[in-house]
file structure.cif (mmCIF, C-alpha atoms)
data_work
#
loop_
_atom_site.label_atom_id
_atom_site.label_comp_id
_atom_site.auth_asym_id
_atom_site.auth_seq_id
_atom_site.Cartn_x
_atom_site.Cartn_y
_atom_site.Cartn_z
CA MET B 1241 13.34 11.68 32.78
CA ARG B 1242 16.37 12.27 30.56
CA ILE B 1243 16.20 12.04 26.75
CA SER B 1244 17.76 8.53 26.85
CA GLU B 1245 14.95 7.30 29.09
CA LEU B 1246 12.38 9.06 26.90
CA SER B 1247 13.88 7.19 23.93
CA ARG B 1248 13.67 3.86 25.75
CA ARG B 1249 10.08 4.44 26.92
CA SER B 1250 8.79 5.61 23.52
CA GLY B 1251 10.90 3.36 21.32
CA VAL B 1252 11.96 6.41 19.28
CA PRO B 1253 15.75 6.86 18.72
CA THR B 1254 17.38 9.84 20.47
CA ALA B 1255 18.44 11.42 17.15
CA THR B 1256 14.82 11.29 15.94
CA ILE B 1257 13.57 12.84 19.19
CA LYS B 1258 16.08 15.69 18.72
CA TYR B 1259 14.82 16.18 15.17
CA TYR B 1260 11.19 16.39 16.38
CA LEU B 1261 12.29 18.92 19.04
CA ARG B 1262 14.03 21.07 16.40
CA GLU B 1263 11.00 20.85 14.09
CA GLY B 1264 8.67 21.87 16.91
CA LEU B 1265 6.60 18.67 16.85
CA LEU B 1266 7.61 17.88 20.42
CA PRO B 1267 7.55 20.66 23.05
CA PRO B 1268 10.92 21.24 24.77
CA GLY B 1269 11.64 19.61 28.14
CA ARG B 1270 12.33 21.55 31.32
CA PRO B 1271 16.01 22.67 31.16
CA THR B 1272 18.13 21.23 33.97
CA ALA B 1273 21.57 22.17 32.63
CA ALA B 1274 23.05 23.87 29.58
CA THR B 1275 22.68 20.71 27.48
CA GLN B 1276 20.15 18.71 29.49
CA ALA B 1277 16.41 18.77 29.91
CA GLU B 1278 13.85 16.81 31.87
CA TYR B 1279 10.93 15.13 30.05
CA ASP B 1280 7.67 13.73 31.42
CA GLU B 1281 4.76 11.41 30.59
CA HIS B 1282 3.28 14.09 28.34
CA HIS B 1283 6.34 13.73 26.08
CA VAL B 1284 6.06 9.93 25.96
CA ARG B 1285 2.42 10.17 24.88
CA ARG B 1286 3.13 12.94 22.38
CA LEU B 1287 5.97 10.91 20.82
CA ARG B 1288 3.69 7.89 20.35
CA LEU B 1289 1.15 10.13 18.65
CA ILE B 1290 3.82 11.63 16.35
CA ARG B 1291 4.99 8.14 15.40
CA ALA B 1292 1.41 7.11 14.65
CA LEU B 1293 0.79 10.14 12.43
CA ILE B 1294 4.10 9.94 10.56
CA GLY B 1295 4.91 6.24 10.71
CA VAL B 1296 1.48 4.65 10.45
CA ARG B 1297 -0.51 7.31 8.61
CA GLY B 1298 2.39 8.46 6.42
CA LEU B 1299 1.90 12.18 7.12
CA SER B 1300 4.72 14.58 6.30
CA VAL B 1301 6.43 16.32 9.23
CA SER B 1302 4.71 19.61 8.36
CA ALA B 1303 1.27 17.98 8.07
CA ALA B 1304 1.81 16.24 11.41
CA ARG B 1305 2.80 19.60 12.94
CA ASN B 1306 -0.45 21.15 11.69
CA VAL B 1307 -2.42 18.37 13.37
CA LEU B 1308 -0.52 18.71 16.64
CA ASP B 1309 -0.78 22.51 16.57
CA ALA B 1310 -4.56 22.26 16.19
CA MET B 1311 -4.65 19.96 19.21
CA SER B 1312 -2.63 22.40 21.29
CA GLU B 1313 -4.57 25.57 20.55
CA GLY B 1314 -6.21 25.17 23.94
CA GLU B 1315 -9.72 25.54 22.54
CA THR B 1316 -12.09 24.70 25.36
CA ASP B 1317 -15.17 25.07 23.18
CA THR B 1318 -15.74 21.55 21.84
CA HIS B 1319 -17.09 22.57 18.45
CA SER B 1320 -14.26 25.04 17.74
CA MET B 1321 -11.69 22.44 18.75
CA LEU B 1322 -13.29 19.69 16.67
CA GLY B 1323 -13.65 22.10 13.75
CA LEU B 1324 -9.90 22.65 13.83
CA VAL B 1325 -9.22 18.93 13.77
CA PHE B 1326 -11.82 17.93 11.17
CA GLY B 1327 -10.90 20.83 8.90
CA LEU B 1328 -7.25 19.86 8.76
CA SER B 1329 -5.70 18.93 5.48
CA THR B 1330 -3.20 16.10 5.68
CA SER B 1331 -1.39 17.61 2.72
CA ALA B 1332 -1.22 21.17 4.10
CA LYS B 1333 2.03 22.88 3.25
CA PRO B 1334 4.26 24.41 5.91
CA GLY B 1335 3.04 27.85 6.90
CA GLU B 1336 -0.30 27.27 5.23
CA GLU B 1337 -2.89 28.10 7.83
CA PRO B 1338 -6.59 27.35 7.63
CA GLY B 1339 -8.42 30.64 7.13
CA GLU B 1340 -10.95 32.10 9.51
CA PRO B 1341 -14.13 30.04 9.60
CA GLU B 1342 -16.73 31.69 7.37
CA SER B 1343 -20.26 30.62 6.85
CA CYS B 1344 -20.66 28.26 3.95
CA ALA B 1345 -21.59 29.88 0.66
CA PRO B 1346 -23.17 26.91 -1.07
CA GLY B 1347 -23.72 26.54 -4.77
CA ASP B 1348 -20.40 27.98 -5.90
CA SER B 1349 -18.99 24.51 -6.44
CA GLU B 1350 -20.26 20.98 -6.75
CA ALA B 1351 -19.26 20.36 -3.13
CA GLY B 1352 -21.37 23.41 -2.22
CA ALA B 1353 -24.39 21.97 -4.00
CA LEU B 1354 -23.89 18.66 -2.20
CA LEU B 1355 -23.59 20.40 1.19
CA THR B 1356 -26.83 22.31 0.54
CA GLU B 1357 -28.62 19.13 -0.46
CA MET B 1358 -27.39 17.40 2.71
CA GLY B 1359 -28.15 20.41 4.91
CA TRP B 1360 -24.58 20.30 6.23
CA SER B 1361 -23.15 23.39 7.84
CA THR B 1362 -19.38 23.50 7.32
CA THR B 1363 -16.70 26.17 7.06
CA GLU B 1364 -15.45 27.49 3.72
CA HIS B 1365 -11.87 26.55 4.47
CA ASN B 1366 -12.49 22.83 4.94
CA PRO B 1367 -10.13 21.37 2.30
CA ALA B 1368 -12.42 18.37 1.92
CA ARG B 1369 -14.60 20.55 -0.36
CA HIS B 1370 -11.83 20.77 -2.95
CA VAL B 1371 -11.25 17.03 -2.76
CA ILE B 1372 -14.90 16.46 -3.71
CA ASP B 1373 -14.69 18.86 -6.67
CA GLU B 1374 -11.39 17.42 -7.89
CA THR B 1375 -12.61 13.83 -7.68
CA LEU B 1376 -15.73 14.60 -9.71
CA GLN B 1377 -13.70 16.42 -12.35
CA THR B 1378 -11.24 13.54 -12.60
CA LEU B 1379 -13.97 10.92 -12.92
CA ARG B 1380 -15.67 12.88 -15.70
CA SER B 1381 -12.35 13.36 -17.55
CA LEU B 1382 -12.14 9.54 -17.54
CA GLY B 1383 -15.58 9.18 -19.05
CA VAL B 1384 -17.54 8.33 -15.89
CA ASP B 1385 -20.90 10.11 -15.85
CA TYR B 1386 -20.71 11.45 -12.29
CA ASP B 1387 -21.78 14.67 -10.62
CA TRP B 1388 -22.49 15.74 -7.03
CA ARG B 1389 -25.84 13.94 -7.10
CA SER B 1390 -23.97 10.66 -7.58
CA LEU B 1391 -22.33 11.23 -4.20
CA VAL B 1392 -25.54 11.82 -2.23
CA PRO B 1393 -26.02 8.15 -1.23
CA TYR B 1394 -22.37 8.04 -0.11
CA ALA B 1395 -22.86 11.28 1.82
CA ARG B 1396 -25.80 9.75 3.72
CA LEU B 1397 -23.54 6.89 4.82
CA ALA B 1398 -20.78 9.37 5.73
CA GLU B 1399 -23.31 11.13 7.95
CA GLN B 1400 -23.88 7.90 9.88
CA THR B 1401 -20.10 7.31 10.06
CA ALA B 1402 -19.59 10.81 11.48
CA ALA B 1403 -22.31 10.19 14.08
CA LEU B 1404 -20.40 7.06 15.21
CA ASP B 1405 -17.21 9.15 15.39
CA LEU B 1406 -18.81 11.90 17.46
CA ASP B 1407 -20.49 9.41 19.80
CA GLN B 1408 -17.00 8.33 20.85
CA LEU B 1409 -16.13 11.87 21.85
CA GLN B 1410 -19.10 12.17 24.22
CA ALA B 1411 -17.12 10.64 27.11
CA PRO B 1412 -16.19 13.11 29.84
CA LEU B 1413 -12.70 14.00 28.63
CA ASP B 1414 -10.76 17.19 29.18
CA PRO B 1415 -10.38 19.38 26.05
CA ILE B 1416 -6.84 18.18 25.25
CA GLU B 1417 -7.85 14.53 25.66
CA LYS B 1418 -10.90 15.14 23.47
CA ALA B 1419 -8.73 16.76 20.78
CA GLU B 1420 -6.29 13.84 20.94
CA ARG B 1421 -9.12 11.34 20.63
CA ALA B 1422 -10.58 13.28 17.68
CA VAL B 1423 -7.19 13.23 15.94
CA LEU B 1424 -6.78 9.51 16.53
CA LEU B 1425 -10.27 8.63 15.33
CA THR B 1426 -10.15 10.96 12.33
CA PHE B 1427 -6.66 10.24 11.01
CA LEU B 1428 -5.82 6.75 12.21
CA LEU B 1429 -9.19 5.21 11.35
CA GLU B 1430 -9.00 6.44 7.73
CA PRO B 1431 -6.95 3.51 6.39
CA ALA B 1432 -9.13 1.07 8.35
CA LEU B 1433 -12.36 2.53 6.94
CA LEU B 1434 -11.03 2.20 3.39
CA ALA B 1435 -9.89 -1.34 4.21
CA LEU B 1436 -13.38 -2.21 5.48
CA ARG B 1437 -14.81 -0.97 2.18
CA ARG B 1438 -12.39 -3.16 0.18
CA LEU B 1439 -13.26 -6.23 2.26
CA ALA B 1440 -16.98 -5.47 2.02
CA GLN B 1441 -16.64 -5.02 -1.76
CA GLU B 1442 -15.00 -8.42 -2.07
CA ALA B 1443 -17.65 -10.05 0.14
CA GLU B 1444 -20.47 -8.34 -1.79
CA SER B 1445 -18.93 -9.40 -5.09
CA GLN B 1446 -18.69 -12.98 -3.80
CA ALA B 1447 -22.34 -12.84 -2.72
CA ARG B 1448 -23.52 -11.48 -6.09
CA TYR B 1449 -21.26 -13.22 -8.58
CA GLY B 1450 -19.41 -15.98 -6.69
CA THR B 1451 -20.00 -19.63 -7.36
CA MET D 991 -1.68 8.47 -34.33
CA ARG D 992 1.97 9.32 -33.66
CA ILE D 993 3.34 9.82 -30.13
CA SER D 994 3.22 13.63 -30.59
CA GLU D 995 -0.52 13.45 -31.30
CA LEU D 996 -1.00 11.05 -28.36
CA SER D 997 0.76 13.63 -26.16
CA ARG D 998 -1.49 16.42 -27.44
CA ARG D 999 -4.67 14.37 -26.99
CA SER D 1000 -3.84 13.13 -23.49
CA GLY D 1001 -2.05 16.23 -22.21
CA VAL D 1002 0.87 14.04 -21.10
CA PRO D 1003 4.37 15.15 -22.26
CA THR D 1004 6.12 12.89 -24.78
CA ALA D 1005 9.00 12.18 -22.39
CA THR D 1006 6.52 10.99 -19.75
CA ILE D 1007 4.73 8.78 -22.28
CA LYS D 1008 8.09 7.19 -23.18
CA TYR D 1009 8.76 6.59 -19.49
CA TYR D 1010 5.37 4.86 -19.06
CA LEU D 1011 6.13 2.73 -22.15
CA ARG D 1012 9.52 1.68 -20.69
CA GLU D 1013 7.93 0.91 -17.31
CA GLY D 1014 5.23 -1.19 -18.93
CA LEU D 1015 2.32 0.94 -17.73
CA LEU D 1016 1.32 1.72 -21.29
CA PRO D 1017 1.23 -1.09 -23.88
CA PRO D 1018 3.48 -0.48 -26.91
CA GLY D 1019 2.00 0.97 -30.08
CA ARG D 1020 1.95 -0.82 -33.45
CA PRO D 1021 5.46 -0.40 -34.95
CA THR D 1022 5.42 1.46 -38.29
CA ALA D 1023 9.17 2.08 -38.61
CA ALA D 1024 12.35 1.40 -36.65
CA THR D 1025 11.71 4.32 -34.33
CA GLN D 1026 8.00 4.99 -34.89
CA ALA D 1027 4.80 3.45 -33.68
CA GLU D 1028 1.12 4.05 -34.17
CA TYR D 1029 -1.13 4.63 -31.14
CA ASP D 1030 -4.93 4.54 -30.85
CA GLU D 1031 -7.88 5.59 -28.68
CA HIS D 1032 -7.07 2.79 -26.26
CA HIS D 1033 -3.75 4.51 -25.49
CA VAL D 1034 -5.41 7.89 -24.92
CA ARG D 1035 -7.83 6.36 -22.41
CA ARG D 1036 -5.12 4.34 -20.70
CA LEU D 1037 -2.93 7.44 -20.34
CA ARG D 1038 -5.76 9.37 -18.68
CA LEU D 1039 -6.23 6.48 -16.26
CA ILE D 1040 -2.49 6.36 -15.46
CA ARG D 1041 -2.50 10.12 -14.81
CA ALA D 1042 -5.52 9.73 -12.52
CA LEU D 1043 -3.90 6.93 -10.51
CA ILE D 1044 -0.47 8.57 -10.22
CA GLY D 1045 -1.32 12.26 -10.37
CA VAL D 1046 -4.62 12.40 -8.52
CA ARG D 1047 -4.42 9.37 -6.26
CA GLY D 1048 -0.68 9.65 -5.62
CA LEU D 1049 0.07 6.00 -6.39
CA SER D 1050 3.66 4.95 -7.08
CA VAL D 1051 4.48 3.76 -10.59
CA SER D 1052 4.74 0.16 -9.36
CA ALA D 1053 1.42 0.35 -7.48
CA ALA D 1054 -0.24 1.82 -10.59
CA ARG D 1055 1.24 -1.01 -12.67
CA ASN D 1056 -0.27 -3.59 -10.28
CA VAL D 1057 -3.69 -1.96 -10.71
CA LEU D 1058 -3.39 -1.84 -14.50
CA ASP D 1059 -2.10 -5.42 -14.66
CA ALA D 1060 -5.11 -6.62 -12.69
CA MET D 1061 -7.37 -4.84 -15.18
CA SER D 1062 -5.66 -6.48 -18.11
CA GLU D 1063 -5.68 -10.07 -16.92
CA GLY D 1064 -8.62 -10.66 -19.21
CA GLU D 1065 -10.75 -12.25 -16.52
CA THR D 1066 -14.20 -12.66 -17.97
CA ASP D 1067 -15.66 -13.99 -14.74
CA THR D 1068 -16.93 -10.86 -12.98
CA HIS D 1069 -16.19 -12.01 -9.44
CA SER D 1070 -12.62 -13.10 -10.22
CA MET D 1071 -11.97 -9.82 -11.99
CA LEU D 1072 -13.45 -7.71 -9.19
CA GLY D 1073 -11.58 -9.80 -6.61
CA LEU D 1074 -8.33 -8.86 -8.34
CA VAL D 1075 -9.21 -5.18 -8.25
CA PHE D 1076 -10.61 -5.04 -4.70
CA GLY D 1077 -7.76 -7.12 -3.31
CA LEU D 1078 -5.10 -4.78 -4.66
CA SER D 1079 -2.82 -3.01 -2.27
CA THR D 1080 -1.96 0.53 -3.28
CA SER D 1081 1.34 0.11 -1.48
CA ALA D 1082 2.30 -3.22 -3.08
CA LYS D 1083 5.98 -3.43 -3.87
CA PRO D 1084 7.29 -4.22 -7.36
CA GLY D 1085 7.20 -7.94 -8.03
CA GLU D 1086 4.92 -8.54 -5.05
CA GLU D 1087 2.05 -10.57 -6.40
CA PRO D 1088 -1.18 -11.30 -4.59
CA GLY D 1089 -1.17 -14.98 -3.67
CA GLU D 1090 -3.66 -17.53 -4.90
CA PRO D 1091 -7.10 -16.89 -3.47
CA GLU D 1092 -7.66 -19.21 -0.50
CA SER D 1093 -10.73 -19.52 1.58
CA CYS D 1094 -10.65 -17.24 4.59
CA ALA D 1095 -9.38 -18.84 7.81
CA PRO D 1096 -11.13 -16.58 10.31
CA GLY D 1097 -10.16 -16.13 13.93
CA ASP D 1098 -6.40 -16.05 13.38
CA SER D 1099 -6.39 -12.26 13.56
CA GLU D 1100 -8.68 -9.50 14.71
CA ALA D 1101 -9.64 -8.88 11.10
CA GLY D 1102 -10.56 -12.58 10.87
CA ALA D 1103 -12.83 -12.26 13.90
CA LEU D 1104 -14.47 -9.21 12.37
CA LEU D 1105 -14.99 -11.00 9.04
CA THR D 1106 -16.61 -13.95 10.82
CA GLU D 1107 -18.90 -11.64 12.78
CA MET D 1108 -19.92 -9.87 9.57
CA GLY D 1109 -20.30 -13.12 7.63
CA TRP D 1110 -17.99 -11.73 4.93
CA SER D 1111 -16.29 -14.16 2.59
CA THR D 1112 -12.96 -12.73 1.44
CA THR D 1113 -9.63 -14.11 0.30
CA GLU D 1114 -6.67 -14.52 2.67
CA HIS D 1115 -4.43 -12.34 0.56
CA ASN D 1116 -6.58 -9.21 0.73
CA PRO D 1117 -4.09 -6.72 2.22
CA ALA D 1118 -6.98 -4.83 3.82
CA ARG D 1119 -6.94 -7.48 6.60
CA HIS D 1120 -3.49 -6.37 7.72
CA VAL D 1121 -4.56 -2.72 7.66
CA ILE D 1122 -7.36 -3.54 10.13
CA ASP D 1123 -5.00 -5.40 12.48
CA GLU D 1124 -2.34 -2.67 12.31
CA THR D 1125 -4.83 0.12 12.95
CA LEU D 1126 -6.23 -1.62 16.03
CA GLN D 1127 -2.73 -2.26 17.41
CA THR D 1128 -1.73 1.36 16.84
CA LEU D 1129 -4.86 2.75 18.51
CA ARG D 1130 -4.29 0.53 21.56
CA SER D 1131 -0.63 1.54 21.78
CA LEU D 1132 -1.92 5.11 22.03
CA GLY D 1133 -4.24 4.25 24.89
CA VAL D 1134 -7.51 3.97 22.95
CA ASP D 1135 -9.57 1.03 24.19
CA TYR D 1136 -10.41 -0.43 20.78
CA ASP D 1137 -10.74 -3.97 19.43
CA TRP D 1138 -12.42 -5.53 16.39
CA ARG D 1139 -15.83 -5.22 18.04
CA SER D 1140 -15.40 -1.42 17.98
CA LEU D 1141 -15.27 -1.61 14.18
CA VAL D 1142 -18.50 -3.60 13.73
CA PRO D 1143 -20.75 -0.50 13.36
CA TYR D 1144 -18.27 0.92 10.82
CA ALA D 1145 -18.23 -2.42 9.00
CA ARG D 1146 -22.04 -2.34 8.67
CA LEU D 1147 -21.79 1.06 6.98
CA ALA D 1148 -18.94 -0.21 4.77
CA GLU D 1149 -21.29 -3.01 3.69
CA GLN D 1150 -23.81 -0.45 2.48
CA THR D 1151 -21.05 1.55 0.76
CA ALA D 1152 -19.87 -1.59 -1.05
CA ALA D 1153 -23.43 -2.31 -2.18
CA LEU D 1154 -23.58 1.20 -3.72
CA ASP D 1155 -20.24 0.50 -5.43
CA LEU D 1156 -21.35 -2.83 -6.87
CA ASP D 1157 -24.69 -1.41 -8.02
CA GLN D 1158 -22.72 0.84 -10.35
CA LEU D 1159 -21.03 -2.16 -11.96
CA GLN D 1160 -24.35 -3.80 -12.85
CA ALA D 1161 -24.55 -1.90 -16.14
CA PRO D 1162 -23.98 -4.04 -19.24
CA LEU D 1163 -20.27 -3.39 -19.71
CA ASP D 1164 -17.68 -5.60 -21.31
CA PRO D 1165 -15.18 -7.16 -18.85
CA ILE D 1166 -12.42 -4.60 -19.53
CA GLU D 1167 -14.84 -1.70 -19.14
CA LYS D 1168 -16.17 -3.25 -15.93
CA ALA D 1169 -12.64 -3.64 -14.57
CA GLU D 1170 -11.83 -0.05 -15.47
CA ARG D 1171 -15.00 1.19 -13.79
CA ALA D 1172 -14.18 -0.91 -10.68
CA VAL D 1173 -10.69 0.62 -10.55
CA LEU D 1174 -12.06 4.14 -10.92
CA LEU D 1175 -14.74 3.69 -8.26
CA THR D 1176 -12.46 1.88 -5.84
CA PHE D 1177 -9.33 4.02 -6.09
CA LEU D 1178 -10.52 7.43 -7.21
CA LEU D 1179 -13.50 7.60 -4.85
CA GLU D 1180 -11.33 6.88 -1.79
CA PRO D 1181 -10.23 10.50 -1.17
CA ALA D 1182 -13.80 11.70 -1.79
CA LEU D 1183 -15.25 9.23 0.72
CA LEU D 1184 -12.78 10.37 3.38
CA ALA D 1185 -13.58 14.00 2.47
CA LEU D 1186 -17.32 13.31 2.91
CA ARG D 1187 -16.59 11.91 6.37
CA ARG D 1188 -14.63 15.05 7.34
CA LEU D 1189 -17.42 17.32 6.13
CA ALA D 1190 -20.06 15.21 7.86
CA GLN D 1191 -18.01 15.29 11.07
CA GLU D 1192 -17.87 19.06 10.96
CA ALA D 1193 -21.61 19.33 10.26
CA GLU D 1194 -22.41 16.83 13.02
CA SER D 1195 -20.16 18.69 15.46
CA GLN D 1196 -21.92 21.96 14.52
CA ALA D 1197 -25.31 20.31 15.09
CA ARG D 1198 -24.30 18.92 18.48
CA TYR D 1199 -22.06 21.61 19.93
CA GLY D 1200 -22.42 24.71 17.72
CA THR D 1201 -24.04 27.88 18.88
#

call {"tool": "encode", "arguments": {"input": "structure.cif", "output": "C-alpha cells"}}
result
Amino acid sequence: MRISELSRRSGVPTATIKYYLREGLLPPGRPTAATQAEYDEHHVRRLRLIRALIGVRGLSVSAARNVLDAMSEGETDTHSMLGLVFGLSTSAKPGEEPGEPESCAPGDSEAGALLTEMGWSTTEHNPARHVIDETLQTLRSLGVDYDWRSLVPYARLAEQTAALDLDQLQAPLDPIEKAERAVLLTFLLEPALLALRRLAQEAESQARYGT
Amino acid sequence: MRISELSRRSGVPTATIKYYLREGLLPPGRPTAATQAEYDEHHVRRLRLIRALIGVRGLSVSAARNVLDAMSEGETDTHSMLGLVFGLSTSAKPGEEPGEPESCAPGDSEAGALLTEMGWSTTEHNPARHVIDETLQTLRSLGVDYDWRSLVPYARLAEQTAALDLDQLQAPLDPIEKAERAVLLTFLLEPALLALRRLAQEAESQARYGT
C-alpha cells in the first residue's frame, strides 16, 4: 500500500509517518519509484505500537526507539529477548545502550541487598535497580524510616505479578510476536497496575475507615 | 529563618523558592518587613516534598499543587482525607477539581465491571477508572485479546499491595502527617513498584528460560 493508505489504515497522519521513518522508528517501505514506497501489514501494526508507546504511555521518541530496537534484535532465545525488553529504561537517552549482561553483584546497593534476599537473578544493567535506590534515598530525605527491608513484602507481590506476566507469554508465539507481547504487557499495563493500586487503596480505606 | 537560610536548609535555590511561592505550592512566610518574611521548619519540610514530587516523580507544577492542596484540606476524617489523596490524578489540569464523591455506579464501563467483581467501593471521580478503560481499549486495538476479566488476577494482587500501604498509615499520626505519609507512599513508591515488577520479570524469565 502507498503511504496515504498506510495513514488511513493506521489513523496516523502522513507527516507523522514520515517523521517516524526519518527517526528510524518505522522501517522503510519497499521502494517502487524515486519518491514512492510500498508498505505492508507489518507497517500498520508497527505504527499502532508506536502510537501506543508514545501517545498512550507518553514515551519519548528515543525511548520508544529503544523499545522497538530491542524487539527487532531477532533474539530467538526467549530469555535473552525478554531480558532485553524487561531491562529497558523508559527514560533511556538516545545512544545510551544497555551494557552487556553481567552476573549480579549483590550487596553493593540497597537494591542488591533486596535482590539477594529475594533470590532474584538479574543483570547489573537493569535500570530498575537505580530506581529502587533512588526511591529509598528520597523517602528517607523526607523523614520516612524506610530501607530495602521495607520493600520485601512489595517484592513478594511483584514476584506474583511477574509470574502472571510470564504466564501470558507461554502461548506458542514466534519470537517477534513474543517480544511484541512482552512490550505490550510490560509498558502498557504499567499505568493500569498503578490505577488498580489507587482503586484498591480507596476501597481498602473505605473498608477500614468508611462509615 | 530568612529565605536565604530556607534555601540553604532545603537545597532549593532562592529563585525557585520564589517561584513556588508565586505558584502557591509553598505557603507564604510571616511578613517581617515590606520585602521580608520569616519561614519555619514547616517550609523546609514542604519544600523537600515539592522537590520529591516534581524532581523525583516528574509531576507538573499544577499536578503537584493538586496533591499538596489535597493534603492541606484539613480533613480530620481519615477516610475522606485518604480518598482525596488516592483519588488524585497526577495528570490533572490546572483548575480541574475532583468532583463530589458519588457512590460508584458499576457496569457502565469495564472498570465498573471489574470493581463490582472485586467488591471494591470507590468514588466515581477516581481517575484511575479511566486509566483502566483506556488501557484495555489500547491493548485490544493492538490485537491483544484482553478485557476486564484479564485484570482480575492483577486486581487481587493490587488489593494486597493496598493493604500493605494502609498498614503503614495505622501509626498514631496527626491528620496532616497521615496525609503526607499517604502522599509519599502513593506517589513516591510508584516508580519503585514498577521497578520491582521489572526485576521480578527478569528473575522469573531467568528461572523459566535461563540456562

call {"tool": "closest_residue", "arguments": {"input": "structure.cif", "among": "B:Ala1303, B:Val1252, B:Ala1310, B:Leu1376", "to": "chain D", "atoms": "all atoms listed in the file"}}
result
B:Leu1376

call {"tool": "atom_distance", "arguments": {"input": "structure.cif", "atom1": "CA of Leu1246 in chain B", "atom2": "CA of Tyr1136 in chain D"}}
result
25.4 Å

call {"tool": "residues_around", "arguments": {"input": "structure.cif", "residues": "Gly1383 in chain B", "least_positions_apart": "6", "cutoff": "10 Å", "atoms": "all atoms listed in the file", "output": "ChimeraX atom specification"}}
result
/D:1035,1038,1171

call {"tool": "resolve_selection", "arguments": {"input": "structure.cif", "expression": "the PyMOL selection byres ((chain D and resi 992) around 10)", "output": "number ranges by chain"}}
result
D: 991, 993-997, 1019, 1022, 1026-1030

call {"tool": "atom_distance", "arguments": {"input": "structure.cif", "atom1": "CA of Pro1271 in chain B", "atom2": "CA of Leu1289 in chain B"}}
result
23.1 Å

call {"tool": "resolve_selection", "arguments": {"input": "structure.cif", "expression": "the PyMOL selection byres ((chain D and resi 1102-1106) around 10)", "output": "PyMOL selection string"}}
result
(chain B and resi 1436+1439-1440+1443) or (chain D and resi 1094-1101+1107-1112+1114+1119-1120+1122-1123+1137-1142+1145)

call {"tool": "closest_residue", "arguments": {"input": "structure.cif", "among": "D:Met1061, D:Leu1179, D:Leu1043, D:Leu1011", "to": "chain B", "atoms": "all atoms listed in the file"}}
result
D:Leu1179

call {"tool": "resolve_selection", "arguments": {"input": "structure.cif", "expression": "the PyMOL selection byres ((chain B and resi 1405) around 12)", "output": "PyMOL selection string"}}
result
(chain B and resi 1322+1326+1398-1404+1406-1411+1418+1421-1427+1429-1430+1433) or (chain D and resi 1140-1141+1143-1144+1187-1188+1190-1192+1194-1195)

call {"tool": "closest_residue", "arguments": {"input": "structure.cif", "among": "B:Asn1306, B:Gly1298, B:Glu1281, B:Ala1292", "to": "chain D", "atoms": "only C-alpha atoms"}}
result
B:Ala1292

call {"tool": "closest_residue", "arguments": {"input": "structure.cif", "among": "B:Pro1268, B:Glu1374, B:Ser1381, B:Ala1274", "to": "Gly1001 in chain D", "atoms": "all atoms listed in the file"}}
result
B:Ser1381

call {"tool": "closest_residue", "arguments": {"input": "structure.cif", "among": "B:Leu1299, B:Ala1435, B:Ile1257, B:Ala1273", "to": "chain D", "atoms": "all atoms listed in the file"}}
result
B:Ala1435

call {"tool": "atom_distance", "arguments": {"input": "structure.cif", "atom1": "CA of Tyr1260 in chain B", "atom2": "CA of Arg1305 in chain B"}}
result
9.6 Å

call {"tool": "closest_residue", "arguments": {"input": "structure.cif", "among": "D:Gly1014, D:Pro1003, D:Leu1132, D:Ala1118", "to": "Ile1290 in chain B", "atoms": "only C-alpha atoms"}}
result
D:Leu1132

call {"tool": "build_atoms", "arguments": {"input": "structure.cif", "residues": "range 1138-1150 of chain D", "atoms": "N, CA and C atoms", "output": "short mmCIF file (atom, residue, chain, number, x, y, z; two decimals), keeping the file's coordinate frame"}}
result
data_model
loop_
_atom_site.label_atom_id
_atom_site.label_comp_id
_atom_site.auth_asym_id
_atom_site.auth_seq_id
_atom_site.Cartn_x
_atom_site.Cartn_y
_atom_site.Cartn_z
N TRP D 1138 -11.66 -5.36 17.64
CA TRP D 1138 -12.42 -5.53 16.39
C TRP D 1138 -13.90 -5.25 16.57
N ARG D 1139 -14.40 -5.48 17.80
CA ARG D 1139 -15.83 -5.22 18.04
C ARG D 1139 -16.16 -3.73 17.85
N SER D 1140 -15.17 -2.86 18.14
CA SER D 1140 -15.40 -1.42 17.98
C SER D 1140 -15.65 -1.07 16.52
N LEU D 1141 -15.14 -1.92 15.61
CA LEU D 1141 -15.27 -1.61 14.18
C LEU D 1141 -16.55 -2.15 13.56
N VAL D 1142 -17.29 -2.98 14.31
CA VAL D 1142 -18.50 -3.60 13.73
C VAL D 1142 -19.49 -2.56 13.19
N PRO D 1143 -19.80 -1.48 13.94
CA PRO D 1143 -20.75 -0.50 13.36
C PRO D 1143 -20.20 0.15 12.09
N TYR D 1144 -18.88 0.38 12.04
CA TYR D 1144 -18.27 0.92 10.82
C TYR D 1144 -18.36 -0.10 9.68
N ALA D 1145 -18.18 -1.37 10.02
CA ALA D 1145 -18.23 -2.42 9.00
C ALA D 1145 -19.63 -2.50 8.38
N ARG D 1146 -20.68 -2.29 9.22
CA ARG D 1146 -22.04 -2.34 8.67
C ARG D 1146 -22.27 -1.20 7.66
N LEU D 1147 -21.67 -0.05 7.94
CA LEU D 1147 -21.79 1.06 6.98
C LEU D 1147 -20.95 0.79 5.74
N ALA D 1148 -19.78 0.15 5.91
CA ALA D 1148 -18.94 -0.21 4.77
C ALA D 1148 -19.68 -1.17 3.85
N GLU D 1149 -20.49 -2.05 4.45
CA GLU D 1149 -21.29 -3.01 3.69
C GLU D 1149 -22.27 -2.27 2.77
N GLN D 1150 -22.88 -1.22 3.30
CA GLN D 1150 -23.81 -0.45 2.48
C GLN D 1150 -23.08 0.35 1.40
#
